[in-house]
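Listing of start19.pdb, PDB, C-alpha atoms and all ligand atoms
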ATOM      1  CA  MET B 102      48.118 -17.751  70.925  1.00  0.00           C
ATOM      2  CA  THR B 103      46.349 -20.975  71.926  1.00  0.00           C
ATOM      3  CA  LEU B 104      43.004 -21.095  73.628  1.00  0.00           C
ATOM      4  CA  GLN B 105      44.748 -22.332  76.777  1.00  0.00           C
ATOM      5  CA  ASP B 106      46.852 -19.156  76.819  1.00  0.00           C
ATOM      6  CA  ARG B 107      43.723 -17.136  76.423  1.00  0.00           C
ATOM      7  CA  ASP B 108      42.190 -18.664  79.539  1.00  0.00           C
ATOM      8  CA  ASN B 109      44.392 -16.199  81.403  1.00  0.00           C
ATOM      9  CA  HIS B 110      42.555 -13.377  79.672  1.00  0.00           C
ATOM     10  CA  PRO B 111      40.486 -11.396  82.231  1.00  0.00           C
ATOM     11  CA  SER B 112      37.244 -11.900  80.277  1.00  0.00           C
ATOM     12  CA  ALA B 113      37.735 -15.661  80.584  1.00  0.00           C
ATOM     13  CA  ALA B 114      37.685 -15.617  84.380  1.00  0.00           C
ATOM     14  CA  GLY B 115      36.385 -18.958  85.608  1.00  0.00           C
ATOM     15  CA  ALA B 116      36.553 -20.462  82.119  1.00  0.00           C
ATOM     16  CA  GLY B 117      39.833 -22.291  82.720  1.00  0.00           C
ATOM     17  CA  GLU B 118      38.034 -25.624  83.057  1.00  0.00           C
ATOM     18  CA  ALA B 119      35.380 -24.890  80.454  1.00  0.00           C
ATOM     19  CA  ARG B 120      34.866 -27.623  77.883  1.00  0.00           C
ATOM     20  CA  LEU B 121      35.957 -26.732  74.368  1.00  0.00           C
ATOM     21  CA  TYR B 122      33.646 -27.415  71.431  1.00  0.00           C
ATOM     22  CA  GLU B 123      34.421 -27.635  67.739  1.00  0.00           C
ATOM     23  CA  ALA B 124      32.199 -25.558  65.473  1.00  0.00           C
ATOM     24  CA  PHE B 125      32.090 -24.888  61.724  1.00  0.00           C
ATOM     25  CA  ILE B 126      31.249 -21.455  60.350  1.00  0.00           C
ATOM     26  CA  ALA B 127      30.420 -20.641  56.700  1.00  0.00           C
ATOM     27  CA  LEU B 128      31.522 -17.238  55.422  1.00  0.00           C
ATOM     28  CA  GLY B 129      30.346 -15.524  52.233  1.00  0.00           C
ATOM     29  CA  SER B 130      30.966 -12.120  50.646  1.00  0.00           C
ATOM     30  CA  ASN B 131      29.865 -10.584  47.355  1.00  0.00           C
ATOM     31  CA  LEU B 132      30.302  -6.825  47.823  1.00  0.00           C
ATOM     32  CA  GLY B 133      33.402  -4.648  47.714  1.00  0.00           C
ATOM     33  CA  ASP B 134      36.790  -6.197  48.483  1.00  0.00           C
ATOM     34  CA  ARG B 135      35.443  -9.701  49.085  1.00  0.00           C
ATOM     35  CA  GLU B 136      38.825 -11.194  49.935  1.00  0.00           C
ATOM     36  CA  ARG B 137      39.489  -8.548  52.582  1.00  0.00           C
ATOM     37  CA  TYR B 138      36.059  -9.043  54.186  1.00  0.00           C
ATOM     38  CA  LEU B 139      36.654 -12.778  54.531  1.00  0.00           C
ATOM     39  CA  GLN B 140      40.129 -12.222  55.954  1.00  0.00           C
ATOM     40  CA  GLU B 141      38.889  -9.579  58.406  1.00  0.00           C
ATOM     41  CA  ALA B 142      36.006 -11.796  59.540  1.00  0.00           C
ATOM     42  CA  ILE B 143      38.400 -14.703  60.235  1.00  0.00           C
ATOM     43  CA  ARG B 144      40.755 -12.388  62.115  1.00  0.00           C
ATOM     44  CA  LEU B 145      37.909 -10.960  64.217  1.00  0.00           C
ATOM     45  CA  LEU B 146      36.674 -14.475  65.043  1.00  0.00           C
ATOM     46  CA  ASN B 147      40.135 -15.492  66.198  1.00  0.00           C
ATOM     47  CA  ASP B 148      40.598 -12.234  68.151  1.00  0.00           C
ATOM     48  CA  HIS B 149      37.868 -13.288  70.592  1.00  0.00           C
ATOM     49  CA  PRO B 150      39.587 -14.644  73.725  1.00  0.00           C
ATOM     50  CA  LEU B 151      37.356 -17.754  73.743  1.00  0.00           C
ATOM     51  CA  ILE B 152      37.515 -18.596  70.028  1.00  0.00           C
ATOM     52  CA  GLU B 153      40.448 -20.180  68.253  1.00  0.00           C
ATOM     53  CA  VAL B 154      40.352 -20.657  64.458  1.00  0.00           C
ATOM     54  CA  ILE B 155      41.939 -24.070  63.927  1.00  0.00           C
ATOM     55  CA  ARG B 156      41.476 -24.682  60.180  1.00  0.00           C
ATOM     56  CA  CYS B 157      40.232 -22.898  57.059  1.00  0.00           C
ATOM     57  CA  SER B 158      38.970 -24.255  53.750  1.00  0.00           C
ATOM     58  CA  ASP B 159      40.157 -22.956  50.412  1.00  0.00           C
ATOM     59  CA  VAL B 160      38.133 -20.071  48.979  1.00  0.00           C
ATOM     60  CA  TYR B 161      35.544 -20.786  46.274  1.00  0.00           C
ATOM     61  CA  GLU B 162      33.794 -18.483  43.846  1.00  0.00           C
ATOM     62  CA  THR B 163      30.091 -19.182  43.428  1.00  0.00           C
ATOM     63  CA  ASP B 164      27.286 -17.781  41.305  1.00  0.00           C
ATOM     64  CA  PRO B 165      24.567 -16.184  43.447  1.00  0.00           C
ATOM     65  CA  VAL B 166      21.681 -18.456  44.492  1.00  0.00           C
ATOM     66  CA  GLY B 167      18.143 -17.111  45.023  1.00  0.00           C
ATOM     67  CA  TYR B 168      18.450 -13.440  44.106  1.00  0.00           C
ATOM     68  CA  ALA B 169      20.399 -13.625  40.823  1.00  0.00           C
ATOM     69  CA  ASP B 170      20.898  -9.934  39.985  1.00  0.00           C
ATOM     70  CA  GLN B 171      24.086  -9.509  42.053  1.00  0.00           C
ATOM     71  CA  GLY B 172      27.809 -10.225  41.901  1.00  0.00           C
ATOM     72  CA  SER B 173      29.288 -13.662  42.501  1.00  0.00           C
ATOM     73  CA  PHE B 174      30.240 -14.773  45.994  1.00  0.00           C
ATOM     74  CA  LEU B 175      33.459 -15.860  47.588  1.00  0.00           C
ATOM     75  CA  ASN B 176      32.688 -18.663  50.054  1.00  0.00           C
ATOM     76  CA  MET B 177      34.762 -20.481  52.631  1.00  0.00           C
ATOM     77  CA  VAL B 178      34.385 -22.401  55.911  1.00  0.00           C
ATOM     78  CA  ALA B 179      36.352 -21.980  59.150  1.00  0.00           C
ATOM     79  CA  ALA B 180      36.691 -24.628  61.862  1.00  0.00           C
ATOM     80  CA  VAL B 181      36.911 -23.113  65.340  1.00  0.00           C
ATOM     81  CA  ARG B 182      37.446 -24.378  68.876  1.00  0.00           C
ATOM     82  CA  THR B 183      35.465 -22.434  71.428  1.00  0.00           C
ATOM     83  CA  ALA B 184      34.275 -22.325  75.022  1.00  0.00           C
ATOM     84  CA  LEU B 185      31.317 -20.116  73.998  1.00  0.00           C
ATOM     85  CA  SER B 186      27.800 -21.539  73.842  1.00  0.00           C
ATOM     86  CA  PRO B 187      26.106 -21.700  70.406  1.00  0.00           C
ATOM     87  CA  SER B 188      24.102 -18.533  71.111  1.00  0.00           C
ATOM     88  CA  GLN B 189      27.149 -16.656  72.411  1.00  0.00           C
ATOM     89  CA  LEU B 190      29.102 -17.716  69.324  1.00  0.00           C
ATOM     90  CA  HIS B 191      26.230 -16.652  67.040  1.00  0.00           C
ATOM     91  CA  ALA B 192      26.024 -13.270  68.805  1.00  0.00           C
ATOM     92  CA  HIS B 193      29.718 -12.723  68.156  1.00  0.00           C
ATOM     93  CA  MET B 194      29.258 -13.711  64.493  1.00  0.00           C
ATOM     94  CA  GLN B 195      26.473 -11.111  64.160  1.00  0.00           C
ATOM     95  CA  HIS B 196      28.708  -8.539  65.821  1.00  0.00           C
ATOM     96  CA  ILE B 197      31.349  -9.244  63.147  1.00  0.00           C
ATOM     97  CA  GLU B 198      28.753  -8.942  60.332  1.00  0.00           C
ATOM     98  CA  ASN B 199      27.654  -5.561  61.715  1.00  0.00           C
ATOM     99  CA  ARG B 200      31.174  -4.348  62.287  1.00  0.00           C
ATOM    100  CA  LEU B 201      32.146  -5.175  58.690  1.00  0.00           C
ATOM    101  CA  GLY B 202      29.171  -3.196  57.441  1.00  0.00           C
ATOM    102  CA  ARG B 203      26.611  -5.762  56.457  1.00  0.00           C
ATOM    103  CA  VAL B 204      23.247  -4.135  55.742  1.00  0.00           C
ATOM    104  CA  ARG B 205      20.255  -6.501  55.738  1.00  0.00           C
ATOM    105  CA  THR B 206      17.997  -5.462  52.847  1.00  0.00           C
ATOM    106  CA  ILE B 207      16.965  -8.123  50.334  1.00  0.00           C
ATOM    107  CA  PRO B 208      16.777 -11.740  51.606  1.00  0.00           C
ATOM    108  CA  ASN B 209      19.637 -13.703  49.965  1.00  0.00           C
ATOM    109  CA  GLY B 210      20.776 -10.345  48.509  1.00  0.00           C
ATOM    110  CA  PRO B 211      24.207  -8.698  48.350  1.00  0.00           C
ATOM    111  CA  ARG B 212      26.239  -8.621  51.553  1.00  0.00           C
ATOM    112  CA  THR B 213      29.714  -7.538  52.577  1.00  0.00           C
ATOM    113  CA  VAL B 214      29.983 -10.607  54.763  1.00  0.00           C
ATOM    114  CA  ASP B 215      27.579 -13.317  55.954  1.00  0.00           C
ATOM    115  CA  LEU B 216      28.470 -15.735  58.750  1.00  0.00           C
ATOM    116  CA  ASP B 217      26.381 -18.876  59.296  1.00  0.00           C
ATOM    117  CA  LEU B 218      26.840 -21.402  62.084  1.00  0.00           C
ATOM    118  CA  LEU B 219      26.778 -24.796  60.349  1.00  0.00           C
ATOM    119  CA  LEU B 220      27.689 -27.301  63.064  1.00  0.00           C
ATOM    120  CA  TYR B 221      28.468 -27.089  66.767  1.00  0.00           C
ATOM    121  CA  ASP B 222      29.844 -30.525  67.631  1.00  0.00           C
ATOM    122  CA  HIS B 223      26.819 -32.862  67.635  1.00  0.00           C
ATOM    123  CA  THR B 224      24.493 -30.296  69.198  1.00  0.00           C
ATOM    124  CA  GLU B 225      20.970 -29.879  67.812  1.00  0.00           C
ATOM    125  CA  LEU B 226      19.319 -26.581  68.617  1.00  0.00           C
ATOM    126  CA  HIS B 227      16.050 -24.912  67.637  1.00  0.00           C
ATOM    127  CA  THR B 228      15.441 -21.406  68.958  1.00  0.00           C
ATOM    128  CA  PRO B 229      13.795 -18.433  67.177  1.00  0.00           C
ATOM    129  CA  GLU B 230      17.271 -16.995  66.400  1.00  0.00           C
ATOM    130  CA  LEU B 231      19.297 -20.107  65.794  1.00  0.00           C
ATOM    131  CA  THR B 232      18.882 -23.540  64.227  1.00  0.00           C
ATOM    132  CA  VAL B 233      21.880 -25.899  64.379  1.00  0.00           C
ATOM    133  CA  PRO B 234      22.850 -27.796  62.271  1.00  0.00           C
ATOM    134  CA  HIS B 235      22.118 -24.991  59.793  1.00  0.00           C
ATOM    135  CA  PRO B 236      18.797 -25.954  58.152  1.00  0.00           C
ATOM    136  CA  ARG B 237      19.847 -25.200  54.558  1.00  0.00           C
ATOM    137  CA  MET B 238      23.438 -26.426  54.602  1.00  0.00           C
ATOM    138  CA  TRP B 239      22.648 -29.817  52.999  1.00  0.00           C
ATOM    139  CA  GLU B 240      21.083 -28.054  49.963  1.00  0.00           C
ATOM    140  CA  ARG B 241      24.011 -25.720  49.333  1.00  0.00           C
ATOM    141  CA  ALA B 242      27.020 -26.906  47.331  1.00  0.00           C
ATOM    142  CA  PHE B 243      28.771 -23.589  48.119  1.00  0.00           C
ATOM    143  CA  VAL B 244      28.639 -24.615  51.791  1.00  0.00           C
ATOM    144  CA  LEU B 245      29.370 -28.362  51.504  1.00  0.00           C
ATOM    145  CA  VAL B 246      32.365 -28.060  49.135  1.00  0.00           C
ATOM    146  CA  PRO B 247      34.395 -25.827  51.518  1.00  0.00           C
ATOM    147  CA  LEU B 248      33.031 -27.675  54.584  1.00  0.00           C
ATOM    148  CA  LEU B 249      34.658 -30.857  53.272  1.00  0.00           C
ATOM    149  CA  ASP B 250      38.038 -29.023  53.191  1.00  0.00           C
ATOM    150  CA  ALA B 251      37.656 -27.826  56.785  1.00  0.00           C
ATOM    151  CA  ILE B 252      36.032 -30.873  58.400  1.00  0.00           C
ATOM    152  CA  GLY B 253      39.349 -32.482  59.468  1.00  0.00           C
ATOM    153  CA  GLU B 254      39.281 -35.712  61.481  1.00  0.00           C
ATOM    154  CA  ARG B 255      35.502 -36.069  61.728  1.00  0.00           C
ATOM    155  CA  PRO B 256      34.805 -39.267  59.754  1.00  0.00           C
ATOM    156  CA  GLU B 257      31.087 -39.270  60.622  1.00  0.00           C
ATOM    157  CA  PHE B 258      30.566 -35.798  59.112  1.00  0.00           C
ATOM    158  CA  ARG B 259      32.990 -36.423  56.224  1.00  0.00           C
ATOM    159  CA  ALA B 260      31.010 -39.469  55.078  1.00  0.00           C
ATOM    160  CA  SER B 261      27.662 -37.613  55.129  1.00  0.00           C
ATOM    161  CA  ILE B 262      29.061 -34.593  53.283  1.00  0.00           C
ATOM    162  CA  THR B 263      30.718 -36.735  50.589  1.00  0.00           C
ATOM    163  CA  ARG B 264      27.529 -38.785  50.097  1.00  0.00           C
ATOM    164  CA  ARG B 265      25.398 -35.657  49.792  1.00  0.00           C
ATOM    165  CA  LEU B 266      27.811 -33.985  47.333  1.00  0.00           C
ATOM    166  CA  ASP B 267      27.628 -37.062  45.079  1.00  0.00           C
ATOM    167  CA  THR B 268      24.024 -36.256  44.179  1.00  0.00           C
ATOM    168  CA  LEU B 269      23.777 -32.511  44.843  1.00  0.00           C
ATOM    169  CA  GLU B 270      23.217 -30.325  41.797  1.00  0.00           C
ATOM    170  CA  GLY B 271      25.101 -27.077  41.296  1.00  0.00           C
ATOM    171  CA  LYS B 272      28.492 -28.148  42.627  1.00  0.00           C
ATOM    172  CA  GLU B 273      30.062 -27.481  39.196  1.00  0.00           C
ATOM    173  CA  GLY B 274      29.229 -23.780  39.820  1.00  0.00           C
ATOM    174  CA  VAL B 275      31.505 -23.762  42.905  1.00  0.00           C
ATOM    175  CA  LEU B 276      35.004 -23.047  41.604  1.00  0.00           C
ATOM    176  CA  ARG B 277      38.177 -23.090  43.628  1.00  0.00           C
ATOM    177  CA  TRP B 278      39.389 -19.501  43.635  1.00  0.00           C
ATOM    178  CA  SER B 279      42.402 -19.430  45.964  1.00  0.00           C
ATOM    179  CA  SER B 280      43.957 -21.171  48.917  1.00  0.00           C
ATOM    180  CA  PHE B 281      43.623 -19.700  52.378  1.00  0.00           C
ATOM    181  CA  ASN B 282      46.487 -20.820  54.558  1.00  0.00           C
ATOM    182  CA  TRP B 283      45.493 -20.109  58.115  1.00  0.00           C
ATOM    183  CA  PRO B 284      47.044 -18.139  59.812  1.00  0.00           C
ATOM    184  CA  SER B 285      49.011 -16.547  56.968  1.00  0.00           C
ATOM    185  CA  GLY B 286      46.034 -15.794  54.702  1.00  0.00           C
ATOM    186  CA  PHE B 287      45.395 -16.034  50.978  1.00  0.00           C
ATOM    187  CA  GLY B 288      47.567 -17.964  48.570  1.00  0.00           C
ATOM    188  CA  LEU B 289      47.534 -17.605  44.806  1.00  0.00           C
ATOM    189  CA  SER B 290      44.593 -15.478  43.791  1.00  0.00           C
ATOM    190  CA  GLY B 291      42.443 -16.552  40.860  1.00  0.00           C
ATOM    191  CA  SER B 292      41.881 -12.975  39.662  1.00  0.00           C
TER     192      SER B 292
HETATM  193  P1  LIG C 301      21.035 -16.353  55.241  1.00  0.00           P
HETATM  194  O1  LIG C 301      22.287 -16.601  56.006  1.00  0.00           O
HETATM  195  O2  LIG C 301      20.104 -17.544  55.221  1.00  0.00           O
HETATM  196  O3  LIG C 301      21.263 -15.829  53.867  1.00  0.00           O
HETATM  197  P2  LIG C 301      20.647 -14.224  57.151  1.00  0.00           P
HETATM  198  O4  LIG C 301      22.116 -14.222  57.362  1.00  0.00           O
HETATM  199  O5  LIG C 301      19.979 -12.892  56.911  1.00  0.00           O
HETATM  200  O6  LIG C 301      20.230 -15.184  55.973  1.00  0.00           O
HETATM  201  O7  LIG C 301      20.029 -14.937  58.403  1.00  0.00           O
HETATM  202  C1  LIG C 301      18.678 -14.864  58.669  1.00  0.00           C
HETATM  203  C2  LIG C 301      18.430 -15.311  60.103  1.00  0.00           C
HETATM  204  O8  LIG C 301      18.795 -16.675  60.245  1.00  0.00           O
HETATM  205  C3  LIG C 301      19.203 -14.577  61.187  1.00  0.00           C
HETATM  206  O9  LIG C 301      18.411 -13.607  61.762  1.00  0.00           O
HETATM  207  C4  LIG C 301      19.573 -15.688  62.181  1.00  0.00           C
HETATM  208  O10 LIG C 301      19.077 -15.395  63.483  1.00  0.00           O
HETATM  209  C5  LIG C 301      18.899 -16.922  61.633  1.00  0.00           C
HETATM  210  N1  LIG C 301      19.609 -18.188  61.830  1.00  0.00           N
HETATM  211  C6  LIG C 301      19.019 -19.348  62.209  1.00  0.00           C
HETATM  212  N2  LIG C 301      19.901 -20.350  62.305  1.00  0.00           N
HETATM  213  C7  LIG C 301      21.128 -19.813  61.978  1.00  0.00           C
HETATM  214  C8  LIG C 301      22.434 -20.361  61.896  1.00  0.00           C
HETATM  215  N3  LIG C 301      22.685 -21.675  62.176  1.00  0.00           N
HETATM  216  N4  LIG C 301      23.451 -19.538  61.544  1.00  0.00           N
HETATM  217  C9  LIG C 301      23.198 -18.233  61.249  1.00  0.00           C
HETATM  218  N5  LIG C 301      21.974 -17.645  61.311  1.00  0.00           N
HETATM  219  C10 LIG C 301      20.934 -18.438  61.677  1.00  0.00           C
HETATM  220 MG    MG C 302      23.472 -15.724  57.579  1.00  0.00          MG
END

Show me the file's structure as C-alpha cells.
Amino acid sequence: MTLQDRDNHPSAAGAGEARLYEAFIALGSNLGDRERYLQEAIRLLNDHPLIEVIRCSDVYETDPVGYADQGSFLNMVAAVRTALSPSQLHAHMQHIENRLGRVRTIPNGPRTVDLDLLLYDHTELHTPELTVPHPRMWERAFVLVPLLDAIGERPEFRASITRRLDTLEGKEGVLRWSSFNWPSGFGLSGS
C-alpha cells in the first residue's frame, strides 16, 4: 500500500494534501529474538496509516557501547516517508518500543528494541523529549554505518556521513550480519 492509498484511511481525514517528509530511524535490539524484534518494529512502523517504510539498511551486529556487561546488538536504519510531525512520529516509535516489551532500567542497558529518530528532513528541533538530528548519532559507528545504506539519494547527508566515518573509531566493531530486503525481510543470516 502506498501512502497515497492510505490517505483514504479514516484516521487520515484532511491529510490528503499534507506534505510528506523523509525521516531516518535507527533500530537496535540485544535481548531475546533480536531479528524478530527488528522485523516486528519495522512492520509496526509501516502499519501506521501515515508512515511508509521506503528503504531499509542491512543488519549489523555490534558490541555493546557504554554498559558492556550485556549481549551484542543488532542494528539497522529504516528510511520512512511520513505526514506525521516529528513529535507524533516519536510518540509512535515509543508506542512500538512499549508494545514490543522494552523495559527502561539501566541507561544504555539491554533492550528488546530501541528506536531513535536520527533525521527528519532538514528539521532541527530541541524540546525536552526530542532533539533532532539525534545528538549522539555522529559519535556512533553502529548508527552511521547502516544510515549510509539507507540514506538513498541525499548527497548532502551522504557526504557528511562518509566524511565522519573516515575518522570515526569503532567502525571495525560493526559487522554486517544479514541483508534486510524490505518488504520481504531478512536475507542470509550470519548465525
Ligand atoms: P538511548 O536511545 O540514548 O539509548 P533512550 O532510548 O532511553 O536512550 O532515550 C532516552 C530519551 O531520549 C527518551 O526519553 C527520549 O525522549 C529522548 N530523545 C531525545 N531525542 C531523541 C531522538 N531524536 N530520538 C529518540 N529519543 C530521543
Ligand atoms: Mg532511544

Item checked: Environment of ligand LIG 301 (chain C) within 6 Å, counting only C-alpha atoms and all ligand atoms, reported as JSON, numbers by chain -> {"B": [209, 215, 217, 218, 219, 230, 231, 232, 233, 235]}

Checklist line | Using all atoms listed in the file: which of B:Phe243, B:Leu269, B:Ser188, B:Pro165 has the shortest distance to Pro229 (chain B) | finding: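 Counting all atoms listed in the file, the residue closest to Pro229 (chain B) is B:Ser188.
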
Next item on the list: Could you tell me which residues the PyMOL selection byres (((not hetatm)) within 10 of (chain C and resi 302)) grabs in this file, written as a list in words?
Entry: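 Against this file, the PyMOL selection byres (((not hetatm)) within 10 of (chain C and resi 302)) returns the residues Ala127, Leu128, Gly129, His191, Met194, Gln195, Glu198, Arg205, Pro208, Asn209, Arg212, Val214, Asp215, Leu216, Asp217, Leu218 and His235 of chain B.
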
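What the PyMOL selection byres (((chain B and resi 132-139) around 7) and not hetatm) matches in the given file is Leu128, Ser130, Asn131, Gln140, Glu141, Ala142, Ile143, Leu175, Pro211, Arg212, Thr213 and Val214 of chain B.
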
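Once Leu276 (chain B) and its same-chain neighbours fewer than 6 positions away are set aside, Tyr161, Glu162 and Thr163 of chain B remain within 8 Å of it when counting all atoms listed in the file.
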
Next item on the list: Rounded to one decimal place, report the CA of Ile252 (chain B)-CA of Val154 (chain B) distance in Å.
Entry: 12.6 Å

Next item on the list: Calculate how many Å separate CA of Val160 (chain B) from CA of Met238 (chain B), rounding to one decimal.
Entry: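 Answer for the CA of Val160 (chain B) to CA of Met238 (chain B) separation: 17.0 Å.
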
Checklist line | Of the listed residues B:Ile262, B:Val166, B:Leu201, B:Ile152, that which approaches Thr183 (chain B) most closely, counting only C-alpha atoms | finding: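 Selected residue with least distance to Thr183 (chain B): B:Ile152.
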
Next item on the list: Translate the PyMOL selection byres (((chain B and resi 253) around 12) and not hetatm), as applied to the file shown, into an explicit residue set as a list in words.
Entry: Glu123, Ala124, Phe125, Ile155, Arg156, Cys157, Ser158, Val178, Ala179, Ala180, Val181, Pro247, Leu248, Leu249, Asp250, Ala251, Ile252, Glu254, Arg255, Pro256, Glu257, Phe258, Arg259 and Ala260 of chain B

Item checked: Atomic distance CA of Asn176 (chain B) - CA of Asn147 (chain B), expressed in Å with one decimal -> 18.1 Å

Notebook entry, point to check: From the list B:Pro187, B:Arg200, B:Arg237, B:Asp159, which residue is nearest His223 (chain B) when using all atoms listed in the file?
Noted result: B:Pro187

Checklist line | Pick from B:Arg264, B:Arg144, B:Lys272, B:His227, whichever lies nearest to Val244 (chain B) using all atoms listed in the file | finding: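 Under the stated criterion, the closest residue is B:Lys272.
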
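In terms of minimum interatomic distance to His196 (chain B), B:Leu145 ranks closest within B:Leu121, B:Leu145, B:Val275, B:Ile126, counting only C-alpha atoms.
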
Checklist line | Residue among B:Asn199, B:Asp267, B:Glu240, B:Met177 lying closest to Ser280 (chain B), counting all atoms listed in the file | finding: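 Once distances to Ser280 (chain B) are computed over all atoms listed in the file, the minimum belongs to B:Met177.
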
Could N, CA and C atoms be built for region 268-283 of chain B and written out as a PDB file, in the frame of the given file?
ATOM      1  N   THR B 268      25.287 -36.420  44.901  1.00  0.00           N
ATOM      2  CA  THR B 268      24.024 -36.256  44.179  1.00  0.00           C
ATOM      3  C   THR B 268      23.572 -34.798  44.092  1.00  0.00           C
ATOM      4  N   LEU B 269      24.245 -33.901  44.787  1.00  0.00           N
ATOM      5  CA  LEU B 269      23.777 -32.511  44.843  1.00  0.00           C
ATOM      6  C   LEU B 269      24.056 -31.786  43.528  1.00  0.00           C
ATOM      7  N   GLU B 270      23.024 -31.102  43.025  1.00  0.00           N
ATOM      8  CA  GLU B 270      23.217 -30.325  41.797  1.00  0.00           C
ATOM      9  C   GLU B 270      23.850 -28.984  42.125  1.00  0.00           C
ATOM     10  N   GLY B 271      24.565 -28.435  41.145  1.00  0.00           N
ATOM     11  CA  GLY B 271      25.101 -27.077  41.296  1.00  0.00           C
ATOM     12  C   GLY B 271      26.538 -27.035  41.774  1.00  0.00           C
ATOM     13  N   LYS B 272      27.125 -28.205  42.085  1.00  0.00           N
ATOM     14  CA  LYS B 272      28.492 -28.148  42.627  1.00  0.00           C
ATOM     15  C   LYS B 272      29.518 -27.730  41.566  1.00  0.00           C
ATOM     16  N   GLU B 273      29.132 -27.922  40.256  1.00  0.00           N
ATOM     17  CA  GLU B 273      30.062 -27.481  39.196  1.00  0.00           C
ATOM     18  C   GLU B 273      30.153 -25.956  39.131  1.00  0.00           C
ATOM     19  N   GLY B 274      29.185 -25.253  39.769  1.00  0.00           N
ATOM     20  CA  GLY B 274      29.229 -23.780  39.820  1.00  0.00           C
ATOM     21  C   GLY B 274      30.054 -23.252  40.985  1.00  0.00           C
ATOM     22  N   VAL B 275      30.680 -24.161  41.754  1.00  0.00           N
ATOM     23  CA  VAL B 275      31.505 -23.762  42.905  1.00  0.00           C
ATOM     24  C   VAL B 275      32.966 -23.995  42.513  1.00  0.00           C
ATOM     25  N   LEU B 276      33.665 -22.907  42.177  1.00  0.00           N
ATOM     26  CA  LEU B 276      35.004 -23.047  41.604  1.00  0.00           C
ATOM     27  C   LEU B 276      36.064 -22.601  42.595  1.00  0.00           C
ATOM     28  N   ARG B 277      37.085 -23.440  42.722  1.00  0.00           N
ATOM     29  CA  ARG B 277      38.177 -23.090  43.628  1.00  0.00           C
ATOM     30  C   ARG B 277      38.823 -21.805  43.145  1.00  0.00           C
ATOM     31  N   TRP B 278      38.944 -20.839  44.025  1.00  0.00           N
ATOM     32  CA  TRP B 278      39.389 -19.501  43.635  1.00  0.00           C
ATOM     33  C   TRP B 278      40.779 -19.200  44.179  1.00  0.00           C
ATOM     34  N   SER B 279      41.053 -19.595  45.409  1.00  0.00           N
ATOM     35  CA  SER B 279      42.402 -19.430  45.964  1.00  0.00           C
ATOM     36  C   SER B 279      42.537 -20.313  47.191  1.00  0.00           C
ATOM     37  N   SER B 280      43.767 -20.483  47.639  1.00  0.00           N
ATOM     38  CA  SER B 280      43.957 -21.171  48.917  1.00  0.00           C
ATOM     39  C   SER B 280      43.878 -20.131  50.030  1.00  0.00           C
ATOM     40  N   PHE B 281      43.609 -20.591  51.226  1.00  0.00           N
ATOM     41  CA  PHE B 281      43.623 -19.700  52.378  1.00  0.00           C
ATOM     42  C   PHE B 281      44.385 -20.445  53.464  1.00  0.00           C
ATOM     43  N   ASN B 282      45.641 -20.077  53.625  1.00  0.00           N
ATOM     44  CA  ASN B 282      46.487 -20.820  54.558  1.00  0.00           C
ATOM     45  C   ASN B 282      46.449 -20.163  55.926  1.00  0.00           C
ATOM     46  N   TRP B 283      45.562 -20.654  56.765  1.00  0.00           N
ATOM     47  CA  TRP B 283      45.493 -20.109  58.115  1.00  0.00           C
ATOM     48  C   TRP B 283      46.772 -20.469  58.873  1.00  0.00           C
TER      49      TRP B 283
END
